[in-house]
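Reproduced below: data33.pdb, with PDB, C-alpha atoms, pLDDT in the B column.
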ATOM      1  CA  MET W   1     101.329  90.944 109.939  1.00 96.00           C
ATOM      2  CA  PRO W   2      99.393  88.586 107.641  1.00 97.00           C
ATOM      3  CA  LEU W   3     101.423  87.367 104.658  1.00 97.00           C
ATOM      4  CA  LEU W   4      98.787  88.479 102.141  1.00 98.00           C
ATOM      5  CA  GLY W   5      97.137  91.895 102.086  1.00 98.00           C
ATOM      6  CA  PHE W   6      94.158  93.380 100.269  1.00 98.00           C
ATOM      7  CA  GLY W   7      94.795  96.679  98.496  1.00 98.00           C
ATOM      8  CA  VAL W   8      92.038  99.259  97.978  1.00 98.00           C
ATOM      9  CA  TYR W   9      93.659 101.787  95.636  1.00 97.00           C
ATOM     10  CA  GLN W  10      91.157 103.066  93.041  1.00 95.00           C
ATOM     11  CA  ASN W  11      88.460 100.785  94.407  1.00 95.00           C
ATOM     12  CA  TYR W  12      85.164 102.608  94.022  1.00 93.00           C
ATOM     13  CA  LYS W  13      83.250  99.924  95.916  1.00 97.00           C
ATOM     14  CA  THR W  14      85.594  99.828  98.877  1.00 98.00           C
ATOM     15  CA  HIS W  15      83.033  99.004 101.569  1.00 98.00           C
ATOM     16  CA  GLU W  16      81.612  96.059  99.629  1.00 98.00           C
ATOM     17  CA  SER W  17      85.026  94.853  98.459  1.00 98.00           C
ATOM     18  CA  VAL W  18      86.541  94.883 101.943  1.00 98.00           C
ATOM     19  CA  LEU W  19      83.597  92.942 103.328  1.00 98.00           C
ATOM     20  CA  GLU W  20      84.074  90.404 100.524  1.00 98.00           C
ATOM     21  CA  ALA W  21      87.792  90.280 101.287  1.00 98.00           C
ATOM     22  CA  PHE W  22      87.017  89.467 104.908  1.00 98.00           C
ATOM     23  CA  LYS W  23      84.732  86.654 103.723  1.00 98.00           C
ATOM     24  CA  ALA W  24      87.593  85.351 101.547  1.00 98.00           C
ATOM     25  CA  GLY W  25      89.880  85.241 104.568  1.00 98.00           C
ATOM     26  CA  TYR W  26      91.915  88.443 104.215  1.00 98.00           C
ATOM     27  CA  ARG W  27      92.826  90.014 107.540  1.00 98.00           C
ATOM     28  CA  HIS W  28      95.194  92.668 106.194  1.00 98.00           C
ATOM     29  CA  ILE W  29      93.785  95.789 104.507  1.00 98.00           C
ATOM     30  CA  ASP W  30      96.046  98.367 102.843  1.00 98.00           C
ATOM     31  CA  SER W  31      94.566 101.876 102.563  1.00 98.00           C
ATOM     32  CA  ALA W  32      95.949 105.427 102.384  1.00 98.00           C
ATOM     33  CA  GLN W  33      94.814 108.994 102.903  1.00 97.00           C
ATOM     34  CA  ALA W  34      95.326 109.618  99.196  1.00 96.00           C
ATOM     35  CA  TYR W  35      92.906 106.808  98.317  1.00 97.00           C
ATOM     36  CA  ARG W  36      90.095 108.710 100.064  1.00 96.00           C
ATOM     37  CA  ASN W  37      88.556 105.511 101.368  1.00 97.00           C
ATOM     38  CA  GLU W  38      89.743 105.184 104.967  1.00 98.00           C
ATOM     39  CA  ALA W  39      86.171 105.774 106.151  1.00 98.00           C
ATOM     40  CA  HIS W  40      84.886 103.033 103.836  1.00 98.00           C
ATOM     41  CA  VAL W  41      87.492 100.587 105.125  1.00 98.00           C
ATOM     42  CA  GLY W  42      86.532 101.521 108.667  1.00 98.00           C
ATOM     43  CA  SER W  43      82.817 101.053 108.047  1.00 98.00           C
ATOM     44  CA  ALA W  44      83.458  97.650 106.471  1.00 98.00           C
ATOM     45  CA  PHE W  45      85.531  96.562 109.442  1.00 98.00           C
ATOM     46  CA  HIS W  46      82.939  97.761 111.942  1.00 98.00           C
ATOM     47  CA  GLY W  47      80.226  95.944 110.005  1.00 97.00           C
ATOM     48  CA  SER W  48      82.213  92.723 109.711  1.00 98.00           C
ATOM     49  CA  GLY W  49      81.858  91.517 113.273  1.00 97.00           C
ATOM     50  CA  LEU W  50      85.582  90.751 113.389  1.00 98.00           C
ATOM     51  CA  GLU W  51      87.588  91.461 116.524  1.00 98.00           C
ATOM     52  CA  ARG W  52      89.939  94.437 116.248  1.00 98.00           C
ATOM     53  CA  GLU W  53      93.038  92.415 117.122  1.00 97.00           C
ATOM     54  CA  LYS W  54      92.253  89.976 114.302  1.00 98.00           C
ATOM     55  CA  VAL W  55      92.522  92.610 111.555  1.00 98.00           C
ATOM     56  CA  PHE W  56      95.700  94.408 110.413  1.00 98.00           C
ATOM     57  CA  ILE W  57      94.973  97.858 108.981  1.00 98.00           C
ATOM     58  CA  THR W  58      97.521  99.987 107.151  1.00 98.00           C
ATOM     59  CA  THR W  59      97.318 103.577 105.977  1.00 98.00           C
ATOM     60  CA  LYS W  60      99.728 106.185 104.645  1.00 98.00           C
ATOM     61  CA  CYS W  61     100.368 109.939 104.723  1.00 97.00           C
ATOM     62  CA  ILE W  62     100.939 111.522 101.328  1.00 92.00           C
ATOM     63  CA  SER W  63     103.655 114.127 100.762  1.00 92.00           C
ATOM     64  CA  LYS W  64     101.310 117.137 100.988  1.00 90.00           C
ATOM     65  CA  THR W  65     100.901 116.370 104.708  1.00 92.00           C
ATOM     66  CA  HIS W  66     104.618 115.923 105.370  1.00 96.00           C
ATOM     67  CA  GLY W  67     106.103 117.814 108.294  1.00 98.00           C
ATOM     68  CA  TYR W  68     106.011 117.167 112.019  1.00 98.00           C
ATOM     69  CA  GLU W  69     102.819 118.893 113.170  1.00 98.00           C
ATOM     70  CA  SER W  70     100.921 118.229 109.960  1.00 97.00           C
ATOM     71  CA  THR W  71     101.740 114.523 110.208  1.00 98.00           C
ATOM     72  CA  LEU W  72     100.446 114.334 113.784  1.00 98.00           C
ATOM     73  CA  ARG W  73      97.221 115.939 112.586  1.00 97.00           C
ATOM     74  CA  ALA W  74      97.093 113.497 109.662  1.00 97.00           C
ATOM     75  CA  VAL W  75      97.351 110.535 112.042  1.00 98.00           C
ATOM     76  CA  ASP W  76      94.431 111.840 114.108  1.00 98.00           C
ATOM     77  CA  LEU W  77      92.399 112.414 110.960  1.00 97.00           C
ATOM     78  CA  SER W  78      93.040 108.846 109.781  1.00 98.00           C
ATOM     79  CA  LEU W  79      91.948 107.437 113.131  1.00 98.00           C
ATOM     80  CA  ASP W  80      88.789 109.510 113.026  1.00 98.00           C
ATOM     81  CA  ARG W  81      87.960 108.315 109.509  1.00 98.00           C
ATOM     82  CA  PHE W  82      88.576 104.675 110.376  1.00 98.00           C
ATOM     83  CA  GLY W  83      86.736 105.009 113.672  1.00 98.00           C
ATOM     84  CA  LEU W  84      89.675 103.332 115.410  1.00 98.00           C
ATOM     85  CA  ASP W  85      91.891 103.980 118.419  1.00 98.00           C
ATOM     86  CA  TYR W  86      95.011 102.865 116.560  1.00 98.00           C
ATOM     87  CA  VAL W  87      96.231 101.653 113.184  1.00 98.00           C
ATOM     88  CA  ASP W  88      98.511  98.662 112.883  1.00 98.00           C
ATOM     89  CA  LEU W  89     100.880 100.178 110.332  1.00 98.00           C
ATOM     90  CA  TYR W  90     101.338 103.789 109.255  1.00 98.00           C
ATOM     91  CA  LEU W  91     103.562 104.496 106.258  1.00 98.00           C
ATOM     92  CA  ILE W  92     105.092 107.603 104.754  1.00 98.00           C
ATOM     93  CA  HIS W  93     103.473 107.192 101.336  1.00 98.00           C
ATOM     94  CA  ASP W  94     106.291 108.629  99.240  1.00 98.00           C
ATOM     95  CA  PRO W  95     109.704 110.282  99.571  1.00 97.00           C
ATOM     96  CA  HIS W  96     108.773 113.573  97.891  1.00 95.00           C
ATOM     97  CA  LYS W  97     109.233 116.923  99.689  1.00 93.00           C
ATOM     98  CA  GLY W  98     112.909 116.433 100.498  1.00 96.00           C
ATOM     99  CA  LYS W  99     115.121 115.147 103.303  1.00 97.00           C
ATOM    100  CA  VAL W 100     114.140 117.646 105.997  1.00 98.00           C
ATOM    101  CA  LEU W 101     110.413 117.012 105.725  1.00 97.00           C
ATOM    102  CA  ARG W 102     110.938 113.268 105.317  1.00 98.00           C
ATOM    103  CA  LEU W 103     112.744 113.129 108.650  1.00 98.00           C
ATOM    104  CA  GLU W 104     110.243 115.440 110.377  1.00 98.00           C
ATOM    105  CA  THR W 105     107.425 113.223 109.162  1.00 98.00           C
ATOM    106  CA  TYR W 106     109.195 110.091 110.302  1.00 98.00           C
ATOM    107  CA  ARG W 107     109.839 111.535 113.774  1.00 98.00           C
ATOM    108  CA  ALA W 108     106.152 112.440 114.032  1.00 98.00           C
ATOM    109  CA  LEU W 109     105.149 108.860 113.230  1.00 98.00           C
ATOM    110  CA  LEU W 110     107.573 107.542 115.847  1.00 98.00           C
ATOM    111  CA  ASP W 111     106.012 109.878 118.417  1.00 98.00           C
ATOM    112  CA  ALA W 112     102.519 108.776 117.380  1.00 98.00           C
ATOM    113  CA  GLN W 113     103.698 105.206 117.880  1.00 98.00           C
ATOM    114  CA  GLU W 114     104.964 106.108 121.346  1.00 98.00           C
ATOM    115  CA  SER W 115     101.541 107.541 122.205  1.00 98.00           C
ATOM    116  CA  GLY W 116      99.804 104.338 121.104  1.00 98.00           C
ATOM    117  CA  LYS W 117      98.096 105.666 117.977  1.00 98.00           C
ATOM    118  CA  ILE W 118     100.281 103.549 115.667  1.00 98.00           C
ATOM    119  CA  ARG W 119     101.526 100.043 116.328  1.00 98.00           C
ATOM    120  CA  THR W 120     104.194  99.967 113.591  1.00 98.00           C
ATOM    121  CA  VAL W 121     105.967 102.671 111.574  1.00 98.00           C
ATOM    122  CA  GLY W 122     107.029 102.160 107.977  1.00 98.00           C
ATOM    123  CA  VAL W 123     107.640 103.821 104.639  1.00 98.00           C
ATOM    124  CA  SER W 124     106.599 103.364 101.044  1.00 98.00           C
ATOM    125  CA  ASN W 125     108.464 104.004  97.805  1.00 98.00           C
ATOM    126  CA  PHE W 126     111.698 104.624  99.709  1.00 98.00           C
ATOM    127  CA  GLY W 127     114.947 103.937  97.925  1.00 98.00           C
ATOM    128  CA  VAL W 128     118.220 103.038  99.611  1.00 98.00           C
ATOM    129  CA  LYS W 129     119.157 106.736  99.838  1.00 98.00           C
ATOM    130  CA  HIS W 130     115.999 107.552 101.786  1.00 98.00           C
ATOM    131  CA  LEU W 131     116.443 104.613 104.131  1.00 98.00           C
ATOM    132  CA  GLU W 132     120.062 105.592 104.753  1.00 98.00           C
ATOM    133  CA  GLU W 133     118.906 109.101 105.710  1.00 98.00           C
ATOM    134  CA  ILE W 134     116.891 107.588 108.542  1.00 98.00           C
ATOM    135  CA  ARG W 135     119.752 105.393 109.708  1.00 98.00           C
ATOM    136  CA  CYS W 136     122.289 108.221 109.563  1.00 98.00           C
ATOM    137  CA  ALA W 137     119.937 110.449 111.592  1.00 98.00           C
ATOM    138  CA  GLY W 138     120.233 107.933 114.420  1.00 98.00           C
ATOM    139  CA  LEU W 139     116.592 106.889 114.165  1.00 98.00           C
ATOM    140  CA  PRO W 140     115.296 103.312 114.177  1.00 98.00           C
ATOM    141  CA  LEU W 141     114.845 101.985 110.669  1.00 98.00           C
ATOM    142  CA  PRO W 142     111.261 101.401 109.507  1.00 98.00           C
ATOM    143  CA  SER W 143     109.719  98.001 110.049  1.00 98.00           C
ATOM    144  CA  VAL W 144     108.261  97.976 106.527  1.00 98.00           C
ATOM    145  CA  ASN W 145     109.037  99.367 103.077  1.00 99.00           C
ATOM    146  CA  GLN W 146     106.183  99.046 100.587  1.00 98.00           C
ATOM    147  CA  ILE W 147     107.371  99.278  96.978  1.00 98.00           C
ATOM    148  CA  GLU W 148     106.293  98.273  93.497  1.00 98.00           C
ATOM    149  CA  LEU W 149     107.391  94.666  93.033  1.00 98.00           C
ATOM    150  CA  HIS W 150     106.680  92.075  90.359  1.00 98.00           C
ATOM    151  CA  PRO W 151     108.826  90.073  87.905  1.00 98.00           C
ATOM    152  CA  PHE W 152     109.240  93.033  85.514  1.00 98.00           C
ATOM    153  CA  CYS W 153     110.312  95.431  88.319  1.00 98.00           C
ATOM    154  CA  GLN W 154     112.276  93.613  91.010  1.00 98.00           C
ATOM    155  CA  GLN W 155     113.969  96.613  92.716  1.00 98.00           C
ATOM    156  CA  ARG W 156     116.932  94.429  93.619  1.00 98.00           C
ATOM    157  CA  SER W 157     119.131  96.993  95.376  1.00 98.00           C
ATOM    158  CA  ILE W 158     116.254  98.103  97.622  1.00 98.00           C
ATOM    159  CA  VAL W 159     115.258  94.508  98.354  1.00 98.00           C
ATOM    160  CA  THR W 160     118.851  93.637  99.272  1.00 98.00           C
ATOM    161  CA  TYR W 161     119.119  96.620 101.638  1.00 98.00           C
ATOM    162  CA  CYS W 162     115.813  95.806 103.310  1.00 98.00           C
ATOM    163  CA  ARG W 163     116.779  92.186 103.826  1.00 98.00           C
ATOM    164  CA  GLU W 164     120.149  93.169 105.262  1.00 98.00           C
ATOM    165  CA  HIS W 165     118.395  95.447 107.765  1.00 98.00           C
ATOM    166  CA  SER W 166     115.423  93.187 108.589  1.00 98.00           C
ATOM    167  CA  ILE W 167     112.878  95.505 106.945  1.00 98.00           C
ATOM    168  CA  ILE W 168     109.725  93.697 105.803  1.00 98.00           C
ATOM    169  CA  ILE W 169     109.069  94.213 102.096  1.00 98.00           C
ATOM    170  CA  GLN W 170     105.489  94.728 100.957  1.00 98.00           C
ATOM    171  CA  ALA W 171     104.766  94.432  97.234  1.00 98.00           C
ATOM    172  CA  TYR W 172     102.247  96.722  95.612  1.00 98.00           C
ATOM    173  CA  SER W 173     101.069  96.189  92.040  1.00 98.00           C
ATOM    174  CA  PRO W 174     102.059  92.507  92.293  1.00 98.00           C
ATOM    175  CA  LEU W 175      99.671  91.752  89.406  1.00 98.00           C
ATOM    176  CA  ILE W 176     101.334  94.330  87.113  1.00 98.00           C
ATOM    177  CA  ARG W 177      98.017  96.171  86.736  1.00 97.00           C
ATOM    178  CA  GLY W 178      96.584  93.253  84.824  1.00 96.00           C
ATOM    179  CA  ARG W 179      99.444  92.831  82.363  1.00 97.00           C
ATOM    180  CA  MET W 180      99.601  89.099  82.877  1.00 98.00           C
ATOM    181  CA  ASP W 181      99.651  87.722  79.331  1.00 97.00           C
ATOM    182  CA  HIS W 182     103.408  87.060  79.113  1.00 98.00           C
ATOM    183  CA  THR W 183     104.129  83.497  78.049  1.00 98.00           C
ATOM    184  CA  VAL W 184     106.175  82.804  81.170  1.00 98.00           C
ATOM    185  CA  PHE W 185     103.094  83.548  83.279  1.00 98.00           C
ATOM    186  CA  THR W 186     100.646  81.640  81.129  1.00 98.00           C
ATOM    187  CA  GLU W 187     102.910  78.614  80.774  1.00 98.00           C
ATOM    188  CA  ALA W 188     103.490  78.437  84.523  1.00 98.00           C
ATOM    189  CA  ALA W 189      99.748  78.804  85.078  1.00 98.00           C
ATOM    190  CA  ALA W 190      99.022  75.895  82.730  1.00 98.00           C
ATOM    191  CA  LYS W 191     101.745  73.789  84.342  1.00 98.00           C
ATOM    192  CA  HIS W 192     100.315  74.209  87.842  1.00 98.00           C
ATOM    193  CA  GLY W 193      96.623  74.371  86.969  1.00 98.00           C
ATOM    194  CA  ARG W 194      96.373  77.962  88.187  1.00 98.00           C
ATOM    195  CA  ASP W 195      95.739  81.375  86.703  1.00 98.00           C
ATOM    196  CA  PRO W 196      98.492  83.917  85.982  1.00 98.00           C
ATOM    197  CA  ALA W 197      97.497  86.088  88.944  1.00 98.00           C
ATOM    198  CA  GLN W 198      98.048  83.186  91.308  1.00 98.00           C
ATOM    199  CA  ILE W 199     101.443  82.518  89.739  1.00 98.00           C
ATOM    200  CA  LEU W 200     102.510  86.130  90.286  1.00 98.00           C
ATOM    201  CA  LEU W 201     101.275  86.200  93.866  1.00 98.00           C
ATOM    202  CA  ARG W 202     102.934  82.876  94.630  1.00 98.00           C
ATOM    203  CA  TRP W 203     106.207  84.220  93.189  1.00 98.00           C
ATOM    204  CA  SER W 204     105.931  87.198  95.526  1.00 98.00           C
ATOM    205  CA  LEU W 205     105.321  84.994  98.550  1.00 98.00           C
ATOM    206  CA  GLN W 206     108.223  82.702  97.701  1.00 98.00           C
ATOM    207  CA  LYS W 207     110.476  85.745  97.360  1.00 98.00           C
ATOM    208  CA  GLY W 208     109.579  86.616 100.962  1.00 98.00           C
ATOM    209  CA  PHE W 209     107.446  89.641 100.077  1.00 98.00           C
ATOM    210  CA  VAL W 210     103.994  90.543 101.392  1.00 98.00           C
ATOM    211  CA  PRO W 211     101.899  91.011  98.224  1.00 98.00           C
ATOM    212  CA  LEU W 212      98.953  93.421  98.194  1.00 98.00           C
ATOM    213  CA  PRO W 213      96.642  92.427  95.331  1.00 98.00           C
ATOM    214  CA  LYS W 214      93.558  94.531  94.722  1.00 97.00           C
ATOM    215  CA  SER W 215      90.258  93.784  93.029  1.00 97.00           C
ATOM    216  CA  ALA W 216      86.606  94.792  93.149  1.00 96.00           C
ATOM    217  CA  THR W 217      85.462  91.515  91.567  1.00 97.00           C
ATOM    218  CA  PRO W 218      84.266  88.991  94.183  1.00 98.00           C
ATOM    219  CA  ALA W 219      85.481  85.930  92.273  1.00 98.00           C
ATOM    220  CA  ARG W 220      88.928  87.461  91.838  1.00 98.00           C
ATOM    221  CA  ILE W 221      89.079  88.563  95.480  1.00 98.00           C
ATOM    222  CA  HIS W 222      88.584  84.921  96.463  1.00 98.00           C
ATOM    223  CA  SER W 223      90.840  83.319  93.845  1.00 98.00           C
ATOM    224  CA  ASN W 224      93.727  85.597  94.792  1.00 98.00           C
ATOM    225  CA  THR W 225      93.827  83.895  98.192  1.00 98.00           C
ATOM    226  CA  LYS W 226      94.271  80.378  96.777  1.00 98.00           C
ATOM    227  CA  LEU W 227      98.051  80.432  97.048  1.00 98.00           C
ATOM    228  CA  PHE W 228      99.075  78.141  99.855  1.00 97.00           C
ATOM    229  CA  ASP W 229      98.428  74.696  98.404  1.00 97.00           C
ATOM    230  CA  PHE W 230     101.030  74.806  95.629  1.00 98.00           C
ATOM    231  CA  SER W 231     104.532  76.111  95.039  1.00 98.00           C
ATOM    232  CA  LEU W 232     106.667  77.184  92.126  1.00 98.00           C
ATOM    233  CA  ASP W 233     109.726  75.068  91.407  1.00 98.00           C
ATOM    234  CA  GLU W 234     113.258  76.296  90.791  1.00 98.00           C
ATOM    235  CA  GLU W 235     112.756  76.450  87.022  1.00 98.00           C
ATOM    236  CA  ASP W 236     109.620  78.559  87.424  1.00 98.00           C
ATOM    237  CA  MET W 237     111.363  80.967  89.762  1.00 98.00           C
ATOM    238  CA  LEU W 238     114.385  81.342  87.479  1.00 98.00           C
ATOM    239  CA  ARG W 239     112.201  82.056  84.442  1.00 98.00           C
ATOM    240  CA  LEU W 240     110.339  84.706  86.404  1.00 98.00           C
ATOM    241  CA  GLU W 241     113.587  86.195  87.742  1.00 98.00           C
ATOM    242  CA  ASP W 242     114.861  86.588  84.185  1.00 98.00           C
ATOM    243  CA  LEU W 243     111.991  88.942  83.303  1.00 98.00           C
ATOM    244  CA  ASP W 244     113.372  91.834  85.342  1.00 98.00           C
ATOM    245  CA  LYS W 245     113.622  95.079  83.354  1.00 98.00           C
ATOM    246  CA  GLY W 246     114.797  97.254  86.219  1.00 96.00           C
ATOM    247  CA  LYS W 247     113.204 100.696  86.395  1.00 94.00           C
ATOM    248  CA  GLU W 248     111.865 100.283  82.865  1.00 97.00           C
ATOM    249  CA  GLY W 249     109.615  97.506  84.121  1.00 98.00           C
ATOM    250  CA  ALA W 250     107.658  99.747  86.491  1.00 98.00           C
ATOM    251  CA  VAL W 251     103.949 100.234  85.774  1.00 98.00           C
ATOM    252  CA  THR W 252     103.328 102.887  88.458  1.00 97.00           C
ATOM    253  CA  TRP W 253     104.875 106.171  89.572  1.00 96.00           C
ATOM    254  CA  ASN W 254     107.640 104.252  91.470  1.00 98.00           C
ATOM    255  CA  PRO W 255     109.289 107.382  92.985  1.00 97.00           C
ATOM    256  CA  VAL W 256     112.151 105.518  94.667  1.00 98.00           C
ATOM    257  CA  ASP W 257     114.740 107.884  93.176  1.00 97.00           C
ATOM    258  CA  ALA W 258     113.102 111.129  94.344  1.00 97.00           C
ATOM    259  CA  ASP W 259     115.479 113.797  95.676  1.00 95.00           C
TER     260      ASP W 259
END

Write out the structure in this file as structure tokens.
Amino acid sequence: MPLLGFGVYQNYKTHESVLEAFKAGYRHIDSAQAYRNEAHVGSAFHGSGLEREKVFITTKCISKTHGYESTLRAVDLSLDRFGLDYVDLYLIHDPHKGKVLRLETYRALLDAQESGKIRTVGVSNFGVKHLEEIRCAGLPLPSVNQIELHPFCQQRSIVTYCREHSIIIQAYSPLIRGRMDHTVFTEAAAKHGRDPAQILLRWSLQKGFVPLPKSATPARIHSNTKLFDFSLDEEDMLRLEDLDKGKEGAVTWNPVDAD
């Protein structure tokens, strides 16, 4: 899995943006059924000239499709929209609908993996309780948990659990939906000759997360990849760590506590 992904939530120029992302060097695209742009991601990939094994494509099934049979149908529908034989990572998008349907959905994804339609099974927005349900059911834990993560919302208990169980942590909304004017961000940006977005993405990488920035602006798509020729020092990281507001720092739905 590439260390940096390109998110396409609420991108109304998905085809063009994904092609631009490929030009910028992204090889990891994060989509979802709920985004209604799997077909656009697929058309961009097919028009890119890139080899299938060089591109990592993720999608997700939203709670309205949860359940065993409905999830199997959802996987087939995603493949048809992408125009692909398999997806690299398929996530349960959210933990809504309750324990029974969560586990049915998860078992369906494991079976789809066994049949070769999915390479890797994961979850999104799962709290420790939801992950423990999977473990206690005697099922293999997911390879990935994608959650909201940025300095204001650090989800420390979930991060600790995932690290203890070797679950890769993907970070959505790493740019705080554009709320990047805090002095800690701007001062670090000035110190390193970068912009605040690059500071936030570098923080995510140094924390061991896989950030998923999104943009429809070509210049921003490219600048968000310029992260591997500098690093934040210990003082920078501590200042960013101190910004955590817990659940109050979330800027999205963040349903990690769903029943």

For range 2-66 of chain W versus range 124-136 of chain W, which residues have an atom no more than 12 Å away, and what is each residue's nearest atom pair and distance in Å rounded to one decimal, using only C-alpha atoms, chain-then-number order, as a tab-separated table?
residue	atom	partner	partner_atom	distance
W:Asp30	CA	W:Ser124	CA	11.8
W:Ala32	CA	W:Ser124	CA	10.9
W:Thr58	CA	W:Ser124	CA	11.5
W:Thr59	CA	W:Ser124	CA	10.5
W:Lys60	CA	W:Ser124	CA	8.3
W:Cys61	CA	W:Ser124	CA	9.8
W:Ile62	CA	W:Ser124	CA	9.9
W:Ser63	CA	W:Ser124	CA	11.2

Those same residues, written as a compact mmCIF listing (two decimals), in the coordinates of the input with C-alpha atoms?
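Everything below was put into again-v7.txt:
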# COMPACT_ATOMS: atom_id res chain seq x y z
CA ASP W 30 96.05 98.37 102.84
CA ALA W 32 95.95 105.43 102.38
CA THR W 58 97.52 99.99 107.15
CA THR W 59 97.32 103.58 105.98
CA LYS W 60 99.73 106.18 104.64
CA CYS W 61 100.37 109.94 104.72
CA ILE W 62 100.94 111.52 101.33
CA SER W 63 103.66 114.13 100.76

Legend entry - Selected residue, from W:Ile176, W:Leu19, W:Ile199, W:Cys162, that lies nearest to Gly49 in chain W when counting all atoms listed in the file: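 Among W:Ile176, W:Leu19, W:Ile199, W:Cys162, it is W:Leu19 that comes nearest to Gly49 in chain W.
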
Inset, instruction - Write out as an MDAnalysis selection string the residues lying within 10 Å of Tyr172 in chain W, counting only C-alpha atoms and excluding same-chain residues fewer than 4 positions away. - result: chainID W and resid 5:7 9 30 124:125 146:150 176:177 209:214 252

Inset, instruction - Grab the CA of Asp242 in chain W to CA of Phe185 in chain W distance for me, in Å with one decimal place. - result: 12.2 Å

Inset, instruction - Have a look at W:His93, W:Gln170, W:Asn224, W:Pro151 and name the one nearest to Thr71 in chain W; count all atoms listed in the file. - result: W:His93

Inset, instruction - Work out how far CA of Glu38 in chain W is from CA of His15 in chain W, in Å to one decimal. - result: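 So the two atoms, CA of His15 in chain W and CA of Glu38 in chain W, lie 9.7 Å apart.
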
Inset, instruction - Figure out the distance between CA of Leu175 in chain W and CA of Glu16 in chain W, please, to one decimal in Å. - result: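 About the pair CA of Glu16 in chain W and CA of Leu175 in chain W: they are 21.2 Å apart.
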
Legend entry - Residue members of the PyMOL selection byres ((chain W and resi 10) around 10) in the file shown, as a PyMOL selection string: chain W and resi 7-9+11-14+34-37+214-216

Resulting file, chosen residues, C-alpha atoms, as an mmCIF file, in the frame of the given file:
data_model
loop_
_atom_site.group_PDB
_atom_site.id
_atom_site.type_symbol
_atom_site.label_atom_id
_atom_site.label_comp_id
_atom_site.auth_asym_id
_atom_site.auth_seq_id
_atom_site.Cartn_x
_atom_site.Cartn_y
_atom_site.Cartn_z
ATOM 1 C CA GLY W 7 94.795 96.679 98.496
ATOM 2 C CA VAL W 8 92.038 99.259 97.978
ATOM 3 C CA TYR W 9 93.659 101.787 95.636
ATOM 4 C CA ASN W 11 88.460 100.785 94.407
ATOM 5 C CA TYR W 12 85.164 102.608 94.022
ATOM 6 C CA LYS W 13 83.250 99.924 95.916
ATOM 7 C CA THR W 14 85.594 99.828 98.877
ATOM 8 C CA ALA W 34 95.326 109.618 99.196
ATOM 9 C CA TYR W 35 92.906 106.808 98.317
ATOM 10 C CA ARG W 36 90.095 108.710 100.064
ATOM 11 C CA ASN W 37 88.556 105.511 101.368
ATOM 12 C CA LYS W 214 93.558 94.531 94.722
ATOM 13 C CA SER W 215 90.258 93.784 93.029
ATOM 14 C CA ALA W 216 86.606 94.792 93.149
#

Inset, instruction - Step by step, work through what the PyMOL selection byres ((chain W and resi 3) around 12) selects in the shown file, and finish by giving those residues as a PyMOL selection string. - result: chain W and resi 1-2+4-6+25-29+56+168-171+201-202+204-213+225+227-228

Legend entry - Neighbour list for His222 in chain W as a list of chain:residue names, cut-off 10 Å, all atoms listed in the file, skip fewer than 4 positions in-chain: W:Glu20, W:Ala21, W:Phe22, W:Lys23, W:Ala24, W:Gly25, W:Tyr26, W:Ser215, W:Thr217, W:Pro218, W:Lys226

Restricting the output to C-alpha atoms, write the selected residues as a compact mmCIF listing (two decimals), keeping the file's coordinate frame.
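Below is the file again-v4.txt, written as the result:
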# COMPACT_ATOMS: atom_id res chain seq x y z
CA GLU W 20 84.07 90.40 100.52
CA ALA W 21 87.79 90.28 101.29
CA PHE W 22 87.02 89.47 104.91
CA LYS W 23 84.73 86.65 103.72
CA ALA W 24 87.59 85.35 101.55
CA GLY W 25 89.88 85.24 104.57
CA TYR W 26 91.92 88.44 104.22
CA SER W 215 90.26 93.78 93.03
CA THR W 217 85.46 91.52 91.57
CA PRO W 218 84.27 88.99 94.18
CA LYS W 226 94.27 80.38 96.78

Inset, instruction - Taking (101.2, 101.4, 108.0) in the file's own coordinates, collect the residues within 9 Å, counting all atoms listed in the file, and hand them back as a ChimeraX atom specification. - result: /W:30-32,57-60,87-92,118-123,144

Okay, now the selection with C-alpha atoms, as a tab-separated table (two decimals), keeping the file's coordinate frame?
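In the end it all went to again_29.tsv:
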chain	number	residue	atom	x	y	z
W	30	ASP	CA	96.05	98.37	102.84
W	31	SER	CA	94.57	101.88	102.56
W	32	ALA	CA	95.95	105.43	102.38
W	57	ILE	CA	94.97	97.86	108.98
W	58	THR	CA	97.52	99.99	107.15
W	59	THR	CA	97.32	103.58	105.98
W	60	LYS	CA	99.73	106.18	104.64
W	87	VAL	CA	96.23	101.65	113.18
W	88	ASP	CA	98.51	98.66	112.88
W	89	LEU	CA	100.88	100.18	110.33
W	90	TYR	CA	101.34	103.79	109.26
W	91	LEU	CA	103.56	104.50	106.26
W	92	ILE	CA	105.09	107.60	104.75
W	118	ILE	CA	100.28	103.55	115.67
W	119	ARG	CA	101.53	100.04	116.33
W	120	THR	CA	104.19	99.97	113.59
W	121	VAL	CA	105.97	102.67	111.57
W	122	GLY	CA	107.03	102.16	107.98
W	123	VAL	CA	107.64	103.82	104.64
W	144	VAL	CA	108.26	97.98	106.53

Legend entry - Residue IDs satisfying the PyMOL selection byres ((chain W and resi 246-249) around 9), as a PyMOL selection string: chain W and resi 150-156+243-245+250-251+254
